[in-house]
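Colleague: Quick one: the structure is below, and I'll ask about it shortly.
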Amino acid sequence: MTVTENYSFFDSVIRSFDKAAKFTSWDLGILEQIKACNSVYRMKFPVRIGDNIEVIEAYRVQHSHHKTPCKGGIRFSMEVNQDEVMALAALMTYKCAIVNVPFGGAKGGIKIDPKKYTAFELEKITRRYTSELIKKNFIGPGTDVPAPDYGTGAREMAWILDTYVAMHPGEVDAAACVTGKPVSQGGVRGRTEATGLGVFFGIREVCNMASIMEGLGLTMGIAGKRVVVQGLGNVGYHCAKYFREHGAKVIAIAEWEGAVYNQDGLNEEDVFQHRKAKGTILNFPGGQNLALNTDALELDCDILIPAALENVINGQNAPRVKAKIIGEAANGPLTPEADEIFIAKGTLVVPDMYLNAGGVTVSYFEWLKNLSHVRYGRLEKRFTENMNKHILGQIENLTGKNVDAKERTFIEHGADEVDLVHSGLEETMVTATKEIMDVWKSNPGIPDMRTAAYVCAINKVATSYAELGIFP
Ligand code: GLU
């Protein structure tokens, strides 16, 4: 087994794709077209920072137009480069296909360390980047719809929206040009926690499969499982929260400066507040320090959730990883070498482009909300509540018994926006899990769940190309 790994992130996506393509019977030309990045836009633009002019490097890659608009986040990080953005855009195509979100994949990146700039400077950079996208028609409700990613959030999306709206006066669907917006700007309730909640739903589904859990030597269900989370950003925080709330023990949380450990379980909110106050995750009063953040990855645990950046588990450290299940909340946290090691060890790797699709799924709901110009639940909430009250009243009359106050509130409740978004996300993740597992079961030669997920994605994208007809 080689541990050289002298290839790029995009190469590793291609490798995983090629490995899966062998289990399909599509024309080579169609496979080549699916793999390729359709449009790569690299830009450099000047921004005045203090007394200086800084030349900022940025990208937007549209990987596939088999469905439009293209969709994918924008990251702010010093690691941003063309290869990384291409790889992430490709993963978006496969991700959207797997969860049946009708978009092509895209990704954007600005090569900056956001911590080094004031909010005003970040706003200038974000608005200038948006103007560059507008100039080349790389943003719009029907063309390409950005969203948050590593280093960005609702605030940056509001700046993008405002810049777009200013340059498209009167465009009635303008709010759908970006997702992950604040609710006051057309965002949807439930978007912030969506990726973390989707990860939880995905792992929960896998943990409820008797044959899989038996194979791993684990008991069924989430309760009691020992979980390690790497990364306490938006995704990691919400993963930890949902696992803890459903009875798992989050025994370690890692950040770039180190990690904290407690075998009885950590509370993510307490750890988050400690880090906010002290500027470091270390010395958390309710846990003990681990010197290196990477130590957390090698702890004895049932479920490991890498929720930060790519390539953190590779040919070097994979042999020391003890988790039975690895849930890829981040994009590309494992290298193909790590994949091979886990296949040999019998570790179940639940792949990124399915497991972290909660974000883009709820982005899709937000986009639909923006195009329909109405909040989810507005039409039916009151009707449902009145009907539930009526039915409950009838049952109580007929039986002569009354339910208690807590049950009454629960039964009578009509769905709010957040209820519908969470339920749509759950339905999406349950369906996607079943689709991937069906592909895996129907072809015993497929070595791992990532390959099964790729086969699923390739079949959907290729079908779309084939039915679309290729331009002569
Ligand atoms: N950045 C997220 C991802 O990698 C969300 C993308 C989106 O909502 O468009 O999936």
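Labeling convention for the structure tokens: chains A, B, ... as they appear, residues from 1 per chain, ligands from 1 in order of appearance.
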Might you pull out every residue within 6 Å of region 69-79 of chain A, with only C-alpha atoms counted and same-chain residues fewer than 4 positions away left off, and present them as a ChimeraX atom specification?
Modeller: /A:103-113,142-151
Colleague: DSSP on the backbone: what in region 179-311 of chain A comes out strand (DSSP E or B), as a list in words?
Modeller: Arg226, Val227, Val228, Val229, Gln230, Lys249, Val250, Ile251, Ala252, Ile253, Ala254, Glu255, Gly258, Ala259, Val260, Tyr261, Gln288, Asn289, Leu290, Ile303, Leu304, Ile305 and Pro306 of chain A
Colleague: Which one of A:Gln230, A:His373, A:Lys345, A:Ala252 sits closest to Ala308 (chain A) if you count only C-alpha atoms?
Modeller: A:Gln230
Colleague: Compare A:Gly358, A:Gly196, A:Pro447, A:Pro182 by their minimum atom-to-atom distance to Phe342 (chain A), counting only C-alpha atoms, and give me the closest one.
Modeller: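 The answer is A:Pro447, which sits nearest to Phe342 (chain A).
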Colleague: Which of these residues is nearest to ligand 1, using only C-alpha atoms and all ligand atoms: A:Ile446, A:Met92, A:Ala119, A:Val101?
Modeller: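 Under the stated criterion, the closest residue is A:Met92.
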Colleague: Neighbours of Met429 (chain A) within 10 Å (only C-alpha atoms; same-chain residues fewer than 5 positions away dropped), as a list in words?
Modeller: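 Here the qualifying residues turn out to be Ile98, Val99, Leu197, Gly198, Val199, Phe200, Phe201, Gly202, Ile203, Arg204, Glu205, Tyr354, Leu355, Asn356, Ala357, Gly358, Thr361, Ser423, Gly424, Lys434 and Glu435 of chain A.
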Colleague: Those residues you just picked out, can you put them in a file as a short mmCIF file (atom, residue, chain, number, x, y, z; two decimals), in the first residue's frame with N, CA and C atoms?
Modeller:
data_model
loop_
_atom_site.label_atom_id
_atom_site.label_comp_id
_atom_site.auth_asym_id
_atom_site.auth_seq_id
_atom_site.Cartn_x
_atom_site.Cartn_y
_atom_site.Cartn_z
N ILE A 98 -26.81 13.10 -5.27
CA ILE A 98 -27.14 12.07 -4.28
C ILE A 98 -28.39 12.43 -3.48
N VAL A 99 -28.51 13.71 -3.11
CA VAL A 99 -29.68 14.07 -2.28
C VAL A 99 -30.82 14.64 -3.13
N LEU A 197 -27.08 18.91 11.45
CA LEU A 197 -28.26 18.06 11.65
C LEU A 197 -28.31 16.96 10.59
N GLY A 198 -27.93 17.30 9.36
CA GLY A 198 -27.89 16.30 8.29
C GLY A 198 -26.87 15.21 8.61
N VAL A 199 -25.72 15.60 9.15
CA VAL A 199 -24.70 14.61 9.55
C VAL A 199 -25.30 13.68 10.60
N PHE A 200 -25.99 14.28 11.56
CA PHE A 200 -26.60 13.46 12.61
C PHE A 200 -27.62 12.48 12.01
N PHE A 201 -28.51 12.98 11.14
CA PHE A 201 -29.52 12.09 10.54
C PHE A 201 -28.85 10.96 9.77
N GLY A 202 -27.80 11.29 9.02
CA GLY A 202 -27.12 10.28 8.20
C GLY A 202 -26.50 9.19 9.06
N ILE A 203 -25.79 9.59 10.11
CA ILE A 203 -25.14 8.60 10.98
C ILE A 203 -26.20 7.80 11.74
N ARG A 204 -27.27 8.48 12.15
CA ARG A 204 -28.36 7.78 12.84
C ARG A 204 -28.94 6.68 11.96
N GLU A 205 -29.13 6.99 10.67
CA GLU A 205 -29.68 5.98 9.75
C GLU A 205 -28.76 4.77 9.66
N TYR A 354 -22.39 12.69 0.63
CA TYR A 354 -23.73 12.35 1.08
C TYR A 354 -23.96 12.93 2.48
N LEU A 355 -22.98 12.71 3.37
CA LEU A 355 -23.23 13.01 4.78
C LEU A 355 -23.35 14.51 5.07
N ASN A 356 -22.58 15.34 4.37
CA ASN A 356 -22.67 16.77 4.70
C ASN A 356 -23.58 17.52 3.73
N ALA A 357 -24.48 16.80 3.07
CA ALA A 357 -25.36 17.44 2.08
C ALA A 357 -26.53 18.20 2.72
N GLY A 358 -26.61 18.19 4.05
CA GLY A 358 -27.70 18.91 4.71
C GLY A 358 -27.68 20.40 4.40
N THR A 361 -29.00 20.98 0.92
CA THR A 361 -30.42 20.60 0.88
C THR A 361 -31.28 21.75 1.41
N SER A 423 -37.94 18.57 8.82
CA SER A 423 -38.55 17.33 8.35
C SER A 423 -38.16 17.05 6.88
N GLY A 424 -38.07 18.11 6.07
CA GLY A 424 -37.62 17.93 4.68
C GLY A 424 -36.19 17.42 4.63
N LYS A 434 -30.88 5.24 1.90
CA LYS A 434 -31.47 4.02 1.34
C LYS A 434 -30.98 3.82 -0.10
N GLU A 435 -30.96 4.91 -0.86
CA GLU A 435 -30.52 4.78 -2.26
C GLU A 435 -29.07 4.28 -2.35
#
Colleague: DSSP on the backbone: what in region 225-464 of chain A comes out alpha helix (DSSP H), as number ranges by chain?
Modeller: A: 234-245, 268-278, 336-345, 352-355, 358-372, 381-399, 405-412, 417-442, 449-464
Colleague: Considering only C-alpha atoms and all ligand atoms, state which residue in the set A:Lys35, A:Arg15, A:Lys181, A:Lys44 is at the smallest distance from ligand 1.
Modeller: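 When distances to ligand 1 are compared using only C-alpha atoms and all ligand atoms, the smallest one comes from A:Lys181.
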Colleague: Would you please work out which residue, of A:Thr428, A:Thr93, A:Gln316, A:Ser372, is nearest to ligand 1 when using only C-alpha atoms and all ligand atoms?
Modeller: A:Thr93
Colleague: Pick from A:Ile125, A:Phe138, A:Gly186, A:Asn52: nearest to Leu371 (chain A), with only C-alpha atoms counted?
Modeller: A:Gly186
Colleague: In Å, rounded to a single decimal, give me how far atom 7 (C, counted along the ligand's line) of ligand 1 is from CA of Ala259 (chain A).
Modeller: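 A separation of 28.4 Å between them.
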Colleague: So what do you get for CA of Arg226 (chain A) versus CA of Ile436 (chain A), distance-wise?
Modeller: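 These two atoms are separated by 25.2 Å.
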Colleague: CA of Val349 (chain A) and CA of Gly315 (chain A), how far apart in Å?
Modeller: 14.7 Å
Colleague: Neighbouring residues of Asn317 (chain A) were defined as those with any atom within 9 Å, considering only C-alpha atoms; residues of the same chain fewer than 2 positions away were excluded. Please report them as a list in words.
Modeller: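 Here the qualifying residues turn out to be Thr294, Leu297, Glu298, Val312, Ile313, Asn314, Gly315, Pro319, Arg320, Val321 and Ala338 of chain A.
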Colleague: Pull N, CA and C atoms from the residues just selected and write them as a compact mmCIF listing (two decimals), in the first residue's frame.
Modeller:
# COMPACT_ATOMS: atom_id res chain seq x y z
N THR A 294 -4.38 16.64 16.44
CA THR A 294 -4.47 15.36 15.73
C THR A 294 -4.58 14.17 16.68
N LEU A 297 -7.99 12.56 16.80
CA LEU A 297 -8.39 11.68 15.70
C LEU A 297 -8.07 10.22 16.01
N GLU A 298 -7.08 10.02 16.89
CA GLU A 298 -6.60 8.66 17.16
C GLU A 298 -7.15 8.08 18.45
N VAL A 312 -7.15 15.63 6.42
CA VAL A 312 -6.64 15.51 7.79
C VAL A 312 -6.34 14.06 8.16
N ILE A 313 -7.00 13.11 7.48
CA ILE A 313 -6.70 11.70 7.74
C ILE A 313 -6.14 11.12 6.44
N ASN A 314 -4.90 10.65 6.54
CA ASN A 314 -4.17 10.24 5.34
C ASN A 314 -3.45 8.93 5.58
N GLY A 315 -2.58 8.57 4.64
CA GLY A 315 -1.87 7.29 4.76
C GLY A 315 -1.03 7.20 6.02
N PRO A 319 -3.68 4.38 9.90
CA PRO A 319 -3.51 3.10 10.62
C PRO A 319 -3.74 3.24 12.12
N ARG A 320 -3.58 4.46 12.66
CA ARG A 320 -3.73 4.64 14.13
C ARG A 320 -5.14 5.06 14.53
N VAL A 321 -6.01 5.31 13.54
CA VAL A 321 -7.39 5.73 13.86
C VAL A 321 -8.18 4.52 14.35
N ALA A 338 -6.03 6.79 2.78
CA ALA A 338 -6.76 6.52 4.03
C ALA A 338 -7.95 5.61 3.73
Colleague: Tell me, as number ranges by chain, which residues lie within 8 Å of Asp264 (chain A), counting only C-alpha atoms; anything in the same chain fewer than 2 positions away does not count.
Modeller: A: 249, 251, 262, 266
Colleague: Output N, CA and C atoms for every residue in that selection, as a PDB file, in the first residue's frame.
Modeller:
ATOM      1  N   LYS A 249     -22.095  10.243  23.775  1.00  0.00           N
ATOM      2  CA  LYS A 249     -21.134  10.994  24.598  1.00  0.00           C
ATOM      3  C   LYS A 249     -20.078  11.582  23.681  1.00  0.00           C
ATOM      4  N   ILE A 251     -16.815  12.593  23.541  1.00  0.00           N
ATOM      5  CA  ILE A 251     -15.697  12.453  24.491  1.00  0.00           C
ATOM      6  C   ILE A 251     -14.525  13.387  24.171  1.00  0.00           C
ATOM      7  N   ASN A 262     -12.943  14.273  27.638  1.00  0.00           N
ATOM      8  CA  ASN A 262     -13.580  13.837  28.880  1.00  0.00           C
ATOM      9  C   ASN A 262     -14.356  12.565  28.549  1.00  0.00           C
ATOM     10  N   LEU A 266     -18.537  15.733  26.832  1.00  0.00           N
ATOM     11  CA  LEU A 266     -18.381  17.192  26.907  1.00  0.00           C
ATOM     12  C   LEU A 266     -19.678  17.850  26.437  1.00  0.00           C
TER      13      LEU A 266
END
Colleague: For Val350 (chain A), list every protein, DNA or RNA residue within 7 Å, evaluated using only C-alpha atoms, and leave out those in the same chain fewer than 2 positions away; present the list as a list of chain:residue names.
Modeller: A:Ile326, A:Gly327, A:Glu328, A:Leu348, A:Asp352, A:Leu355, A:Met449, A:Arg450
Colleague: Put those residues in a file: C-alpha atoms, as a PDB file, in the first residue's frame.
Modeller:
ATOM      1  CA  ILE A 326     -15.931   7.865  10.377  1.00  0.00           C
ATOM      2  CA  GLY A 327     -18.534  10.446   9.383  1.00  0.00           C
ATOM      3  CA  GLU A 328     -17.148  12.964   6.909  1.00  0.00           C
ATOM      4  CA  LEU A 348     -17.095   2.270   7.857  1.00  0.00           C
ATOM      5  CA  ASP A 352     -18.788  13.623   2.627  1.00  0.00           C
ATOM      6  CA  LEU A 355     -23.229  13.007   4.784  1.00  0.00           C
ATOM      7  CA  MET A 449     -19.779   3.340   0.924  1.00  0.00           C
ATOM      8  CA  ARG A 450     -17.957   6.201  -0.856  1.00  0.00           C
TER       9      ARG A 450
END
